[in-house]
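Undergrad: Quick one, query18.txt (compact mmCIF, C-alpha atoms):
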```
# COMPACT_ATOMS: atom_id res chain seq x y z
CA MET A 1 74.92 -26.67 2.26
CA ALA A 2 71.27 -27.72 2.28
CA LYS A 3 69.02 -25.72 4.53
CA LYS A 4 67.93 -26.91 7.94
CA ARG A 5 64.26 -26.65 8.89
CA ASN A 6 63.60 -25.90 12.53
CA PRO A 7 61.65 -28.62 14.35
CA ILE A 8 57.96 -27.71 14.70
CA VAL A 9 56.27 -28.02 18.10
CA ALA A 10 52.47 -27.75 18.27
CA ILE A 11 50.55 -27.01 21.48
CA VAL A 12 47.29 -28.95 21.26
CA GLY A 13 44.37 -29.36 23.65
CA ARG A 14 40.72 -28.58 24.21
CA PRO A 15 39.63 -24.95 24.69
CA ASN A 16 40.56 -22.94 27.77
CA VAL A 17 43.35 -25.13 29.15
CA GLY A 18 45.87 -22.28 28.77
CA LYS A 19 47.51 -22.99 25.42
CA SER A 20 47.99 -19.31 24.56
CA THR A 21 49.43 -18.55 28.00
CA LEU A 22 51.91 -21.43 27.66
CA PHE A 23 52.75 -20.27 24.14
CA ASN A 24 53.50 -16.76 25.41
CA ALA A 25 55.55 -18.09 28.34
CA ILE A 26 57.77 -20.14 26.00
CA ALA A 27 57.93 -17.52 23.23
CA GLY A 28 58.82 -14.84 25.77
CA GLU A 29 56.40 -12.24 24.53
CA LYS A 30 52.66 -11.70 24.47
CA ILE A 31 51.69 -12.81 20.98
CA SER A 32 48.43 -14.75 21.48
CA ILE A 33 45.28 -13.11 22.75
CA VAL A 34 44.56 -14.62 26.17
CA GLU A 35 40.97 -14.33 27.40
CA ASP A 36 38.99 -16.45 29.82
CA THR A 37 36.51 -17.61 27.19
CA PRO A 38 36.77 -21.03 25.50
CA GLY A 39 37.70 -20.78 21.85
CA VAL A 40 39.15 -17.27 21.91
CA THR A 41 42.33 -18.29 20.04
CA ARG A 42 40.81 -18.39 16.56
CA ASP A 43 44.01 -18.43 14.53
CA ARG A 44 47.08 -20.56 14.89
CA ILE A 45 50.00 -18.29 15.69
CA TYR A 46 53.67 -19.21 15.38
CA ALA A 47 56.91 -18.02 16.97
CA ASP A 48 60.54 -18.92 16.40
CA CYS A 49 61.94 -19.95 19.79
CA SER A 50 65.30 -20.92 21.26
CA TRP A 51 65.98 -23.02 24.34
CA LEU A 52 69.58 -23.80 25.28
CA ASN A 53 71.14 -24.86 21.97
CA HIS A 54 67.84 -25.79 20.32
CA ASP A 55 65.95 -23.63 17.81
CA PHE A 56 62.36 -24.57 17.01
CA THR A 57 59.09 -23.14 15.71
CA LEU A 58 56.22 -23.15 18.19
CA ILE A 59 52.60 -23.30 17.01
CA ASP A 60 49.65 -22.16 19.12
CA THR A 61 46.45 -23.88 17.99
CA GLY A 62 42.79 -23.25 18.53
CA GLY A 63 41.19 -25.65 20.99
CA ILE A 64 39.80 -29.00 19.87
CA GLU A 65 36.19 -29.74 20.78
CA PRO A 66 35.80 -33.32 19.47
CA ASP A 67 32.01 -33.60 19.21
CA THR A 68 30.91 -30.06 18.56
CA GLY A 69 28.54 -28.90 15.88
CA ASP A 70 29.62 -25.31 16.42
CA ILE A 71 31.23 -24.07 13.18
CA ILE A 72 34.01 -22.09 14.89
CA LEU A 73 35.05 -24.98 17.15
CA ALA A 74 34.80 -27.38 14.21
CA LYS A 75 37.15 -25.14 12.24
CA MET A 76 39.52 -24.98 15.17
CA ARG A 77 39.59 -28.79 15.26
CA GLU A 78 40.47 -28.82 11.56
CA GLN A 79 43.18 -26.26 12.28
CA ALA A 80 44.65 -28.35 15.09
CA GLU A 81 44.54 -31.48 12.91
CA ILE A 82 46.75 -29.71 10.38
CA ALA A 83 49.13 -28.68 13.16
CA ILE A 84 49.27 -32.32 14.32
CA GLU A 85 49.97 -33.49 10.78
CA MET A 86 53.00 -31.24 10.35
CA ALA A 87 54.41 -31.08 13.90
CA ASP A 88 57.57 -32.93 14.88
CA VAL A 89 56.53 -32.91 18.56
CA ILE A 90 53.10 -32.30 20.15
CA ILE A 91 52.60 -30.70 23.56
CA PHE A 92 49.23 -32.08 24.71
CA LEU A 93 48.01 -29.58 27.27
CA VAL A 94 45.42 -30.43 29.95
CA ASP A 95 44.06 -28.53 32.96
CA VAL A 96 44.79 -29.84 36.48
CA LYS A 97 41.79 -27.96 37.90
CA SER A 98 39.22 -29.65 35.68
CA GLY A 99 40.84 -33.10 35.84
CA VAL A 100 40.60 -35.69 33.06
CA GLN A 101 37.62 -34.80 30.88
CA ASP A 102 35.89 -36.99 28.32
CA ALA A 103 37.07 -34.51 25.69
CA ASP A 104 40.67 -35.03 26.83
CA GLN A 105 40.26 -38.76 26.21
CA LYS A 106 38.99 -38.13 22.69
CA VAL A 107 41.75 -35.64 21.91
CA CYS A 108 44.23 -38.16 23.30
CA GLU A 109 42.94 -40.83 20.90
CA MET A 110 43.27 -38.40 18.01
CA LEU A 111 46.86 -37.59 19.00
CA ARG A 112 47.81 -41.22 19.55
CA ARG A 113 46.65 -42.03 16.01
CA SER A 114 49.04 -39.37 14.67
CA GLY A 115 52.05 -41.47 15.69
CA LYS A 116 53.89 -38.28 16.64
CA PRO A 117 55.86 -37.84 19.88
CA ILE A 118 53.47 -36.50 22.54
CA VAL A 119 54.52 -34.67 25.71
CA LEU A 120 51.62 -34.68 28.18
CA THR A 121 51.64 -31.33 29.98
CA VAL A 122 49.40 -30.53 32.97
CA ASN A 123 48.81 -26.78 33.26
CA LYS A 124 47.77 -24.53 36.17
CA VAL A 125 49.89 -26.47 38.71
CA ASP A 126 50.66 -23.42 40.87
CA LYS A 127 51.34 -25.48 44.04
CA PRO A 128 53.10 -28.67 42.91
CA THR A 129 53.28 -30.33 46.34
CA ALA A 130 49.60 -29.82 47.12
CA GLN A 131 48.41 -30.74 43.61
CA ILE A 132 50.61 -33.77 42.94
CA ALA A 133 47.75 -36.28 43.35
CA ASP A 134 45.69 -34.32 40.80
CA VAL A 135 48.63 -34.44 38.38
CA TYR A 136 48.95 -38.22 38.78
CA GLU A 137 45.33 -38.61 37.68
CA PHE A 138 46.47 -37.88 34.11
CA TYR A 139 48.42 -41.15 33.98
CA ASN A 140 44.96 -42.58 33.16
CA LEU A 141 45.33 -41.14 29.65
CA GLY A 142 48.00 -43.76 29.00
CA ILE A 143 50.47 -41.61 27.07
CA GLY A 144 53.33 -41.44 29.53
CA ASP A 145 54.50 -39.14 32.31
CA PRO A 146 52.58 -35.90 32.89
CA PHE A 147 54.78 -32.79 33.16
CA PRO A 148 53.31 -30.25 35.64
CA VAL A 149 53.65 -26.57 34.66
CA SER A 150 52.22 -23.21 35.60
CA SER A 151 52.11 -21.11 32.42
CA VAL A 152 51.11 -18.00 34.36
CA ASN A 153 54.01 -18.30 36.82
CA LYS A 154 56.40 -19.83 34.25
CA MET A 155 57.06 -22.82 36.51
CA GLY A 156 58.19 -26.19 35.13
CA LEU A 157 59.03 -24.90 31.65
CA GLY A 158 62.66 -26.09 31.79
CA ASP A 159 61.72 -29.73 32.45
CA LEU A 160 59.00 -29.52 29.79
CA LEU A 161 61.32 -28.13 27.10
CA GLU A 162 64.02 -30.64 27.99
CA GLU A 163 61.54 -33.45 27.32
CA VAL A 164 60.30 -31.78 24.11
CA ALA A 165 63.87 -31.40 22.79
CA LYS A 166 64.53 -35.14 23.31
CA HIS A 167 62.08 -35.80 20.47
CA PHE A 168 63.59 -33.38 17.93
CA PRO A 169 64.70 -35.19 14.76
CA GLU A 170 68.37 -36.22 14.94
CA GLY A 171 70.54 -35.00 12.09
CA ASP A 172 69.12 -32.89 9.30
CA SER A 173 69.63 -31.87 5.71
CA ALA A 174 72.12 -29.21 6.80
CA ASP A 175 74.68 -31.99 7.21
CA VAL A 176 74.54 -32.75 3.49
CA GLU A 177 76.65 -30.83 0.98
CA ASP A 178 74.31 -29.15 -1.48
CA ASP A 179 75.19 -26.20 -3.71
CA ALA A 180 71.67 -25.83 -5.12
CA VAL A 181 70.05 -22.41 -4.75
CA ARG A 182 66.80 -22.88 -2.81
CA VAL A 183 63.84 -20.69 -3.75
CA ALA A 184 60.57 -20.67 -1.78
CA ILE A 185 57.64 -19.64 -3.96
CA ILE A 186 55.18 -17.81 -1.72
CA GLY A 187 52.00 -15.79 -2.21
CA LYS A 188 48.23 -15.83 -1.90
CA PRO A 189 46.21 -18.72 -3.35
CA ASN A 190 45.55 -18.74 -7.07
CA VAL A 191 48.27 -16.28 -8.08
CA GLY A 192 49.98 -18.91 -10.23
CA LYS A 193 52.74 -20.27 -7.99
CA SER A 194 52.41 -23.87 -9.22
CA SER A 195 52.11 -22.72 -12.84
CA ILE A 196 55.40 -20.86 -12.45
CA VAL A 197 57.10 -24.02 -11.14
CA ASN A 198 55.67 -26.03 -14.02
CA ARG A 199 57.01 -23.51 -16.54
CA LEU A 200 60.43 -23.49 -14.92
CA ILE A 201 60.76 -27.28 -14.91
CA GLY A 202 58.97 -27.80 -18.23
CA GLU A 203 56.43 -30.35 -17.03
CA ASP A 204 53.22 -30.50 -14.99
CA ARG A 205 54.69 -32.00 -11.84
CA VAL A 206 52.65 -29.77 -9.51
CA ILE A 207 48.84 -29.95 -9.53
CA VAL A 208 47.37 -26.74 -10.95
CA SER A 209 43.72 -25.80 -10.63
CA ASP A 210 41.64 -22.63 -10.56
CA ILE A 211 40.45 -23.60 -7.08
CA ALA A 212 42.35 -21.52 -4.53
CA GLY A 213 44.48 -23.66 -2.25
CA THR A 214 44.94 -26.69 -4.54
CA THR A 215 48.55 -27.00 -3.41
CA ARG A 216 48.09 -28.20 0.13
CA ASP A 217 51.69 -28.90 1.07
CA ALA A 218 55.17 -27.58 0.38
CA ILE A 219 56.65 -29.46 -2.59
CA ASP A 220 60.38 -29.45 -3.41
CA THR A 221 61.29 -29.60 -7.08
CA ARG A 222 64.96 -29.87 -8.11
CA VAL A 223 65.85 -28.34 -11.48
CA LYS A 224 69.10 -28.03 -13.46
CA HIS A 225 69.40 -24.92 -15.63
CA ASP A 226 72.53 -23.86 -17.53
CA GLY A 227 74.63 -26.22 -15.43
CA ARG A 228 73.39 -24.92 -12.07
CA GLU A 229 71.01 -26.66 -9.66
CA TYR A 230 67.96 -24.99 -8.15
CA VAL A 231 65.37 -26.26 -5.69
CA PHE A 232 61.94 -24.63 -5.96
CA ILE A 233 59.79 -25.02 -2.85
CA ASP A 234 56.15 -24.50 -3.80
CA THR A 235 53.96 -23.58 -0.82
CA ALA A 236 50.26 -23.58 -0.19
CA GLY A 237 48.72 -20.16 -0.71
CA LEU A 238 48.03 -17.75 2.12
CA ARG A 239 44.70 -15.98 2.44
CA ARG A 240 43.31 -13.13 4.53
CA ARG A 241 42.40 -14.11 8.10
CA ASN A 242 38.81 -12.93 7.85
CA LYS A 243 38.04 -15.45 5.11
CA ILE A 244 36.52 -17.88 7.63
CA THR A 245 34.69 -19.82 4.89
CA GLU A 246 37.92 -20.61 3.06
CA ASP A 247 40.19 -20.82 6.08
CA LEU A 248 42.13 -23.96 5.18
CA GLU A 249 44.60 -21.79 3.24
CA ARG A 250 45.28 -19.50 6.18
CA TYR A 251 46.32 -22.49 8.27
CA MET A 252 49.05 -23.14 5.72
CA ILE A 253 51.04 -20.14 6.96
CA ILE A 254 53.25 -22.44 9.04
CA ARG A 255 54.06 -24.44 5.94
CA ALA A 256 55.15 -21.21 4.28
CA VAL A 257 57.22 -20.29 7.32
CA ALA A 258 58.90 -23.71 7.26
CA ALA A 259 59.52 -23.42 3.50
CA VAL A 260 61.03 -19.93 3.78
CA ASP A 261 63.16 -21.23 6.67
CA ARG A 262 64.83 -23.72 4.31
CA ALA A 263 65.19 -21.33 1.38
CA ASP A 264 67.85 -18.81 0.36
CA ILE A 265 65.46 -16.65 -1.63
CA ALA A 266 61.70 -16.01 -1.45
CA LEU A 267 59.90 -15.50 -4.76
CA LEU A 268 56.75 -13.55 -3.83
CA VAL A 269 54.14 -14.02 -6.55
CA ILE A 270 51.55 -11.26 -6.99
CA ASN A 271 48.48 -11.42 -9.25
CA ALA A 272 48.75 -8.52 -11.70
CA GLN A 273 44.97 -8.47 -12.16
CA GLU A 274 44.33 -8.01 -8.43
CA GLY A 275 47.22 -5.64 -7.80
CA VAL A 276 49.46 -5.63 -4.72
CA THR A 277 47.53 -6.01 -1.45
CA GLU A 278 48.05 -5.81 2.31
CA GLN A 279 47.96 -9.60 2.40
CA ASP A 280 50.90 -9.66 0.00
CA ALA A 281 52.69 -7.42 2.53
CA LYS A 282 51.99 -9.88 5.37
CA ILE A 283 53.38 -12.75 3.30
CA ALA A 284 56.45 -10.71 2.31
CA GLY A 285 56.93 -9.98 6.01
CA ILE A 286 57.62 -13.68 6.66
CA ALA A 287 60.58 -13.60 4.29
CA HIS A 288 61.81 -10.24 5.57
CA ASP A 289 61.64 -11.37 9.22
CA LYS A 290 63.67 -14.46 8.32
CA GLY A 291 66.35 -12.31 6.63
CA LYS A 292 65.76 -13.86 3.20
CA ALA A 293 66.37 -12.23 -0.16
CA VAL A 294 63.16 -11.34 -1.99
CA ILE A 295 62.14 -11.26 -5.65
CA VAL A 296 58.64 -9.96 -6.41
CA ALA A 297 57.20 -11.73 -9.47
CA VAL A 298 54.11 -9.99 -10.88
CA ASN A 299 52.33 -12.85 -12.66
CA LYS A 300 49.51 -12.72 -15.27
CA TRP A 301 51.04 -9.52 -16.68
CA ASP A 302 49.78 -10.56 -20.12
CA ALA A 303 46.17 -10.12 -18.89
CA VAL A 304 46.62 -6.46 -17.92
CA GLU A 305 45.69 -3.63 -20.29
CA LYS A 306 48.71 -1.38 -20.58
CA ASP A 307 49.83 2.07 -21.59
CA ASN A 308 53.23 3.74 -21.34
CA SER A 309 52.98 4.21 -17.56
CA THR A 310 51.30 0.97 -16.45
CA MET A 311 54.47 -0.77 -15.27
CA LYS A 312 55.78 2.34 -13.50
CA LYS A 313 52.48 2.82 -11.63
CA PHE A 314 52.43 -0.85 -10.60
CA THR A 315 56.06 -0.65 -9.44
CA ASP A 316 55.31 2.50 -7.42
CA LYS A 317 52.38 0.69 -5.76
CA ILE A 318 54.64 -2.23 -4.84
CA HIS A 319 57.17 0.13 -3.29
CA GLN A 320 54.37 1.86 -1.36
CA ILE A 321 52.73 -1.27 0.11
CA LEU A 322 55.96 -3.28 0.47
CA SER A 323 57.91 -0.27 1.74
CA PHE A 324 59.76 -2.41 4.32
CA ILE A 325 61.53 -4.37 1.53
CA PRO A 326 62.81 -1.57 -0.74
CA TYR A 327 65.69 -3.88 -1.70
CA ALA A 328 63.40 -6.43 -3.42
CA GLU A 329 63.89 -7.09 -7.13
CA ILE A 330 60.72 -6.84 -9.25
CA ILE A 331 59.97 -8.84 -12.40
CA TYR A 332 56.85 -8.88 -14.61
CA ILE A 333 56.00 -12.32 -15.99
CA SER A 334 53.29 -14.60 -17.37
CA ALA A 335 53.41 -18.27 -16.48
CA LEU A 336 50.63 -18.85 -19.03
CA THR A 337 52.49 -17.45 -22.06
CA GLY A 338 56.03 -17.92 -20.78
CA GLN A 339 56.71 -14.17 -20.96
CA ARG A 340 60.04 -13.33 -19.21
CA MET A 341 59.97 -16.68 -17.35
CA ASN A 342 63.65 -17.43 -18.05
CA LYS A 343 64.53 -14.06 -16.50
CA ILE A 344 63.58 -15.60 -13.13
CA TYR A 345 66.77 -17.68 -13.27
CA ASP A 346 68.81 -14.53 -14.04
CA GLU A 347 67.22 -12.69 -11.09
CA VAL A 348 67.76 -15.64 -8.74
CA ASP A 349 71.45 -15.84 -9.76
CA LEU A 350 71.91 -12.08 -9.26
CA VAL A 351 70.20 -12.01 -5.88
CA HIS A 352 72.00 -15.15 -4.68
CA ALA A 353 75.35 -13.57 -5.55
CA ASN A 354 74.39 -10.38 -3.70
CA GLN A 355 73.25 -12.15 -0.52
CA SER A 356 76.51 -14.13 -0.51
CA MET A 357 78.75 -11.08 -1.13
CA ARG A 358 81.51 -10.19 1.34
CA ILE A 359 83.10 -6.75 1.66
CA GLN A 360 86.72 -6.37 2.74
CA THR A 361 86.98 -4.81 6.19
CA GLY A 362 89.24 -1.98 5.03
CA VAL A 363 86.89 -0.97 2.23
CA LEU A 364 83.87 -1.14 4.54
CA ASN A 365 85.51 1.18 7.08
CA GLU A 366 86.46 3.64 4.34
CA ILE A 367 82.83 3.87 3.24
CA ILE A 368 81.59 4.42 6.82
CA THR A 369 84.28 7.06 7.53
CA GLU A 370 83.30 8.96 4.36
CA ALA A 371 79.62 8.66 5.29
CA ALA A 372 80.32 10.21 8.72
CA VAL A 373 82.12 13.13 7.04
CA MET A 374 79.24 13.75 4.62
CA GLN A 375 76.55 13.58 7.30
CA GLN A 376 77.37 14.30 10.93
CA PRO A 377 76.49 11.44 13.28
CA PRO A 378 73.70 11.99 15.88
CA GLN A 379 74.54 13.68 19.17
CA ASP A 380 72.80 14.18 22.49
CA LYS A 381 73.78 16.31 25.53
CA GLY A 382 77.25 17.01 24.21
CA LYS A 383 77.95 13.40 23.24
CA MET A 384 78.35 12.46 19.59
CA LEU A 385 78.11 9.01 18.07
CA LYS A 386 81.45 7.59 17.01
CA ILE A 387 81.73 4.48 14.85
CA TYR A 388 85.16 3.09 15.73
CA TYR A 389 85.21 0.05 13.53
CA ALA A 390 83.02 -2.09 11.28
CA THR A 391 83.31 -5.62 9.99
CA GLN A 392 81.12 -8.04 8.06
CA SER A 393 80.29 -11.03 10.24
CA GLY A 394 78.14 -13.12 7.91
CA VAL A 395 76.19 -13.63 4.69
CA LYS A 396 72.64 -14.67 3.77
CA PRO A 397 71.83 -11.99 4.75
CA PRO A 398 74.99 -9.85 4.72
CA THR A 399 75.48 -8.92 8.38
CA PHE A 400 77.64 -6.06 9.66
CA VAL A 401 78.91 -5.40 13.19
CA LEU A 402 79.47 -1.74 14.09
CA PHE A 403 81.50 -0.91 17.22
CA VAL A 404 80.38 2.45 18.64
CA ASN A 405 80.90 4.57 21.75
CA TYR A 406 77.21 4.79 22.74
CA ARG A 407 74.64 2.39 21.30
CA TYR A 408 71.69 4.64 22.15
CA LEU A 409 73.06 7.35 19.82
CA MET A 410 72.80 5.03 16.79
CA HIS A 411 69.36 6.21 15.71
CA PHE A 412 67.41 4.11 13.23
CA SER A 413 67.56 6.91 10.64
CA TYR A 414 71.37 7.09 10.80
CA GLN A 415 71.65 3.32 10.54
CA ARG A 416 69.47 3.49 7.44
CA TYR A 417 71.77 6.22 6.08
CA ILE A 418 74.81 3.98 6.62
CA GLU A 419 72.96 1.11 4.92
CA ASN A 420 72.14 3.32 1.93
CA GLN A 421 75.80 4.33 1.59
CA ILE A 422 76.83 0.66 1.56
CA ARG A 423 74.13 -0.15 -1.00
CA GLU A 424 75.17 2.78 -3.22
CA THR A 425 78.68 1.34 -3.39
CA PHE A 426 77.97 -2.38 -3.64
CA GLY A 427 74.33 -2.68 -4.71
CA PHE A 428 73.19 -5.68 -2.66
CA ARG A 429 70.06 -5.79 -4.84
CA GLY A 430 67.41 -8.21 -3.64
CA THR A 431 68.83 -8.90 -0.18
CA PRO A 432 68.25 -7.33 3.23
CA LEU A 433 71.25 -6.12 5.24
CA ARG A 434 71.49 -6.75 8.96
CA PHE A 435 73.36 -4.57 11.46
CA ILE A 436 74.57 -5.47 14.95
CA ILE A 437 75.53 -2.44 17.08
CA ARG A 438 78.08 -3.10 19.83
CA GLU A 439 79.15 -0.56 22.41
CA ARG A 440 82.78 0.12 23.26
CA ASN A 441 83.03 2.95 25.77
CA GLU A 442 85.88 5.41 25.29
CA ASP A 443 86.80 5.07 29.00
CA LYS A 444 87.63 1.42 28.44
```
Represent the structure of the file as structure tokens.
TA:
Amino acid sequence: MAKKRNPIVAIVGRPNVGKSTLFNAIAGEKISIVEDTPGVTRDRIYADCSWLNHDFTLIDTGGIEPDTGDIILAKMREQAEIAIEMADVIIFLVDVKSGVQDADQKVCEMLRRSGKPIVLTVNKVDKPTAQIADVYEFYNLGIGDPFPVSSVNKMGLGDLLEEVAKHFPEGDSADVEDDAVRVAIIGKPNVGKSSIVNRLIGEDRVIVSDIAGTTRDAIDTRVKHDGREYVFIDTAGLRRRNKITEDLERYMIIRAVAAVDRADIALLVINAQEGVTEQDAKIAGIAHDKGKAVIVAVNKWDAVEKDNSTMKKFTDKIHQILSFIPYAEIIYISALTGQRMNKIYDEVDLVHANQSMRIQTGVLNEIITEAAVMQQPPQDKGKMLKIYYATQSGVKPPTFVLFVNYRYLMHFSYQRYIENQIRETFGFRGTPLRFIIRERNEDK
């Protein structure tokens, strides 16, 4: 089946209307920095959210200041414009206490030009009955009914989200049969992502330039190789957050999130000349958080001076910095010379088979029983962990449900031990494994 992309909802508005507070209220955790100073949300932050039977990705934007010469606010406007461009629905947030401002009118014009569905949301309505006249003032913006909310008190969010969900795209690519393996190509700017796609498809279909961030959008390229179909999703590069002078690339992180969402496998491209960096780890974290299989492709390997231990040292460094994805496959390539490029297809096929693998329930329980004999389960105050039963509940990633007597006794280290025993038997190279621990008390 083709992959479904979650609808994207962007919260847009001028500074200090409470966008970050609303974002946190909907996302259910404190992700954005909230401070009573206009312009404090410098970076757009995203969260995967669920409401009733709807899954969506929420974007928190920096505030728009339409006529500012201030470089930070100007950048935030650029940031919000990108959010508007890619959002499926826009929450336009205004402040009931300050009323309709001239800046609100200008932002409203900008949003109206986007042609996207807009849900006008009036924040800081802590006393709806007393403030209803102030809410009605926002009808003057001419973009429909204002929805009163109090982000701080989490009031009115249900009505708001119900209206937002009405505008989600109907139907999606998940309804279409598609056996193609989907690979999102992710990484920092200028590591050679587009060059890799061009090599794989045999033609220059993707613009390639030495200027970081040439690829502004996610581009899907369908390829047939040895009778099998692949879709390569090339994403804009991601850059460190402190690069304020080249910050267009960092705003592309949502594009990467959306691309990884639709993919089976993430191909993380690293520049061999730069080495593996903390930014590579942040990018890999997107794929890991989404439960995607990961292949690390070290590009420009032809440009590195080598001795007998060069590859081993580089591999050790990858394992050190990307320690949270020890399962990732690693391949050393050169898009420029074509070195080992065809091996990418072999790795994708291997990893795709592993992330789709199912283990018979009987065999799985045998492995876990043997593991418990070899290493005694954790115990506390006379109680010992017992794993009654295990079953595999899903694939992509392979997901296992363990029924235990006391969930709190399943320490992370013992879960990792169980995972390692499963991997020793079946491999599962390239794919994460997920575990769901369910409690079944002996008394019951």
Undergrad: Determine the axis-aligned bounding box of all atoms of segment 307-310 of chain A present in the file, pad each side by 6 Å, and express its centre and edge lengths in Å to one decimal place as JSON.
TA:
```
{"center_x": 51.5, "center_y": 2.6, "center_z": -19.0, "size_x": 15.4, "size_y": 15.2, "size_z": 17.1}
```
Undergrad: At a cut-off of 9 Å, using only C-alpha atoms, what residues contact segment 363-366 of chain A? Leave out same-chain residues fewer than 2 positions from it and give the result as a list in words.
TA: Ile359, Gln360, Thr361, Ile368, Thr369, Glu370, Ala371, Tyr388, Tyr389, Ala390, Thr391, Gln392 and Ile422 of chain A
Undergrad: Neighbouring residues of Gly275 of chain A were defined as those with any atom within 9 Å, considering all atoms listed in the file; residues of the same chain fewer than 4 positions away were excluded. Please report them as a list in words.
TA: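 Near neighbours after the sequence-gap exclusion: Ile270, Asn271, Val298, Phe314, Lys317 and Ile318 of chain A.
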Undergrad: Using the selection just defined, write its residues with C-alpha atoms as a tab-separated table (two decimals), keeping the file's coordinate frame.
TA:
```tsv
chain	number	residue	atom	x	y	z
A	270	ILE	CA	51.55	-11.26	-6.99
A	271	ASN	CA	48.48	-11.42	-9.25
A	298	VAL	CA	54.11	-9.99	-10.88
A	314	PHE	CA	52.43	-0.85	-10.60
A	317	LYS	CA	52.38	0.69	-5.76
A	318	ILE	CA	54.64	-2.23	-4.84
```
Undergrad: Which value, in Å to one decimal, gives the distance between atom CA of Arg358 of chain A and atom CA of Leu322 of chain A?
TA: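 Going from atom CA of Arg358 of chain A over to atom CA of Leu322 of chain A, I get 26.5 Å.
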Undergrad: Which residue, A:His54, A:Lys312, A:His288, A:Arg429, has the smallest gap to Ser356 of chain A when you use all atoms listed in the file?
TA: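 Distance minimum relative to Ser356 of chain A lands on A:Arg429.
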Undergrad: Report the distance between atom CA of Gln375 of chain A and atom CA of Pro398 of chain A in Å, rounded to one decimal place.
TA: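 These atoms are spaced 23.6 Å apart.
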Undergrad: Give me the segment 343-419 of chain A side of the contact with segment 327-331 of chain A, cut-off 12 Å, one line per residue showing its nearest atom pair and distance in Å at one decimal, counting all atoms listed in the file, sorted by chain and residue number, as JSON lines.
TA:
```
{"residue": "A:Lys343", "atom": "CA", "partner": "A:Ile331", "partner_atom": "CA", "distance": 8.1}
{"residue": "A:Ile344", "atom": "CA", "partner": "A:Ile331", "partner_atom": "CA", "distance": 7.7}
{"residue": "A:Tyr345", "atom": "CA", "partner": "A:Ile331", "partner_atom": "CA", "distance": 11.2}
{"residue": "A:Asp346", "atom": "CA", "partner": "A:Ile331", "partner_atom": "CA", "distance": 10.6}
{"residue": "A:Glu347", "atom": "CA", "partner": "A:Glu329", "partner_atom": "CA", "distance": 7.6}
{"residue": "A:Val348", "atom": "CA", "partner": "A:Glu329", "partner_atom": "CA", "distance": 9.5}
{"residue": "A:Asp349", "atom": "CA", "partner": "A:Glu329", "partner_atom": "CA", "distance": 11.9}
{"residue": "A:Leu350", "atom": "CA", "partner": "A:Glu329", "partner_atom": "CA", "distance": 9.7}
{"residue": "A:Val351", "atom": "CA", "partner": "A:Glu329", "partner_atom": "CA", "distance": 8.1}
{"residue": "A:His352", "atom": "CA", "partner": "A:Glu329", "partner_atom": "CA", "distance": 11.7}
{"residue": "A:Asn354", "atom": "CA", "partner": "A:Tyr327", "partner_atom": "CA", "distance": 11.0}
{"residue": "A:Gln355", "atom": "CA", "partner": "A:Tyr327", "partner_atom": "CA", "distance": 11.3}
{"residue": "A:Glu419", "atom": "CA", "partner": "A:Tyr327", "partner_atom": "CA", "distance": 11.0}
```
Undergrad: Interatomic distance between atom CA of Tyr46 of chain A and atom CA of Ile11 of chain A?
TA: 10.4 Å
Undergrad: Smallest atom-to-atom distance to Ser150 of chain A: which of A:Val183, A:Ala293, A:Ile118, A:Val96, using all atoms listed in the file?
TA: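 Counting all atoms listed in the file, the residue closest to Ser150 of chain A is A:Val96.
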Undergrad: If we count all atoms listed in the file, what is near segment 222-233 of chain A at a cut-off of 7 Å, once residues fewer than 3 positions away on the same chain are taken out, given as a list in words?
TA: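 Listing them by chain and then by number gives Ala180, Val181, Arg182, Val183, Ala184, Ile185, Ile201, Ala218, Ile219 and Ala259 of chain A.
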Undergrad: My list of candidates is A:Asn53, A:Thr61, A:Thr337, A:Asn308. Which is closest to Ala10 of chain A when distances are computed with only C-alpha atoms?
TA: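 Among the listed residues, the smallest separation from Ala10 of chain A belongs to A:Thr61.
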